[in-house]
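Below is one structure; the comments refer to it alone.
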Amino acid sequence: MGNATSAIETSGDCHGTAARRQNNRDVFGAGVSAFRQELSGDGCPAPIPIREASMRARPRVVVRKRPLFEHEAAQDFDVLSCQGGTDVWGEGDAAALWVTRAMLAADHRTMYCEHHGFYADAVFGEAASTAEVYNAVLGGPLQHGSTTVLCFGQTGSGKTFTLAGIIDILREALPSGGGRWRVSALEVAGNAVTDLLHASA
């Protein structure tokens, strides 16, 4: 995990955390935009590579950021920033997802942004298509053996959307002959397990 801070050149209504974010969303949003520009330069900590040779058999961690819904964009600003590459299985650039917090200094007047980076093998921004995610995650492994894709996240984060899209592409990608393939898709919610390809299990 990485950390960074960026100053905001203004003072505004700083009473209460929720009010501070909402009343100064344009200010903090501009701070996030400025930080995203720094991510492509030398002013921000680079993601730490986690692809050591001794860990080639470990699970890969891939993050996909979904766009904000209209009601979310109307109430708040986007606090997630993507950094790095989308080469899941190769030796490309490391990647990170940065989360920005709207902060207030001890003087109760100066606002600033605090950024926390979480490292991954690949990070896909909101503009990435499901086909891009599929090609990066399953394009290579399907040529070498079995693969498991585990989608994890809170309700509404895009797990079903991503997995359903991957299944649709997979149907077209699997060869019709010359091999034996087995595909299963399960949804685990609490104590319930649902077979997404057939009847409930």
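Going by the structure tokens order, chains are called A, B, ..., each with residues numbered from 1, while ligands are numbered from 1 in the order shown.
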
Requested in this report: Tell me which protein, DNA and RNA residues are within 8 Å of segment 120-129 of chain A, counting only C-alpha atoms, leaving out same-chain ones fewer than 3 positions away, and put them as an MDAnalysis selection string.
Outcome: chainID A and resid 49:51 60:67 82:88 94:97 132:133

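In this structure, atom CA of Val79 of chain A sits 16.2 Å away from atom CA of Tyr119 of chain A.
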
Report task. Would you please work out which residue, of A:Val99, A:Val27, A:Leu150, A:Leu186, is nearest to Tyr112 of chain A when using only C-alpha atoms? Result -> A:Val27

**Report entry** Secondary structure check, strand (DSSP E or B) residues of segment 119-167 of chain A, as a ChimeraX atom specification
**Finding:** /A:119-120,122-124

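Of the residues listed (A:Leu163, A:Ile169, A:Thr147, A:Val183), A:Val183 shows the shortest atom-to-atom separation from His198 of chain A; distances use only C-alpha atoms.
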
Could you produce a table of the residues of segment 75-165 of chain A lying within 12 Å of segment 188-191 of chain A, with the nearest pair of atoms per residue and their separation in Å rounded to one decimal, using only C-alpha atoms, ordered by chain and increasing residue number, as CSV?
residue,atom,partner,partner_atom,distance
A:Leu150,CA,A:Val188,CA,10.4
A:Cys151,CA,A:Val188,CA,10.1
A:Phe152,CA,A:Val188,CA,10.0
A:Gly153,CA,A:Ala189,CA,11.2
A:Gln154,CA,A:Ala189,CA,10.7
A:Thr155,CA,A:Ala189,CA,10.1
A:Lys159,CA,A:Val188,CA,11.4
A:Thr160,CA,A:Val188,CA,11.2

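Taking segment 62-187 of chain A and asking which residues DSSP calls alpha helix (DSSP H) on the backbone, you get Glu70, His71, Glu72, Ala73, Ala74, Gln75, Thr130, Ala131, Glu132, Val133, Tyr134, Asn135, Ala136, Val137, Lys159, Thr160, Phe161, Thr162, Leu163, Ala164, Gly165, Ile166, Ile167, Asp168, Ile169, Leu170, Arg171, Glu172 and Ala173 of chain A.
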
Generate the output file for the selected residues, C-alpha atoms, as a PDB file, in the first residue's frame.
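After the write, selection26.pdb holds the following:
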ATOM      1  CA  GLU A  70     -25.805   9.389 -12.289  1.00  0.00           C
ATOM      2  CA  HIS A  71     -27.107   9.728  -8.735  1.00  0.00           C
ATOM      3  CA  GLU A  72     -23.604   9.112  -7.380  1.00  0.00           C
ATOM      4  CA  ALA A  73     -22.044  11.733  -9.642  1.00  0.00           C
ATOM      5  CA  ALA A  74     -24.730  14.220  -8.605  1.00  0.00           C
ATOM      6  CA  GLN A  75     -23.973  13.755  -4.907  1.00  0.00           C
ATOM      7  CA  THR A 130     -15.421  -6.348 -20.778  1.00  0.00           C
ATOM      8  CA  ALA A 131     -13.640  -7.683 -23.870  1.00  0.00           C
ATOM      9  CA  GLU A 132     -10.422  -5.998 -22.711  1.00  0.00           C
ATOM     10  CA  VAL A 133     -10.798  -7.556 -19.271  1.00  0.00           C
ATOM     11  CA  TYR A 134     -11.496 -10.963 -20.825  1.00  0.00           C
ATOM     12  CA  ASN A 135      -8.487 -10.808 -23.137  1.00  0.00           C
ATOM     13  CA  ALA A 136      -6.195  -9.812 -20.280  1.00  0.00           C
ATOM     14  CA  VAL A 137      -7.503 -12.305 -17.718  1.00  0.00           C
ATOM     15  CA  LYS A 159     -19.365  -8.341 -10.422  1.00  0.00           C
ATOM     16  CA  THR A 160     -22.342  -9.856 -12.254  1.00  0.00           C
ATOM     17  CA  PHE A 161     -21.980  -7.427 -15.161  1.00  0.00           C
ATOM     18  CA  THR A 162     -18.332  -8.387 -15.637  1.00  0.00           C
ATOM     19  CA  LEU A 163     -18.787 -12.133 -15.198  1.00  0.00           C
ATOM     20  CA  ALA A 164     -21.851 -12.287 -17.470  1.00  0.00           C
ATOM     21  CA  GLY A 165     -19.907 -10.457 -20.167  1.00  0.00           C
ATOM     22  CA  ILE A 166     -16.949 -12.823 -19.780  1.00  0.00           C
ATOM     23  CA  ILE A 167     -19.269 -15.835 -20.112  1.00  0.00           C
ATOM     24  CA  ASP A 168     -20.797 -14.423 -23.314  1.00  0.00           C
ATOM     25  CA  ILE A 169     -17.352 -13.914 -24.840  1.00  0.00           C
ATOM     26  CA  LEU A 170     -16.215 -17.329 -23.627  1.00  0.00           C
ATOM     27  CA  ARG A 171     -19.101 -19.026 -25.435  1.00  0.00           C
ATOM     28  CA  GLU A 172     -17.821 -17.619 -28.706  1.00  0.00           C
ATOM     29  CA  ALA A 173     -14.143 -18.186 -27.917  1.00  0.00           C
TER      30      ALA A 173
END

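Coordinates place atom CA of Phe77 of chain A at a distance of 5.8 Å from atom CA of Gly29 of chain A.
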
Report summary line: Closest of A:Leu197, A:Glu187, A:Val149, A:Trp98 to Val32 of chain A, counting only C-alpha atoms, is A:Trp98
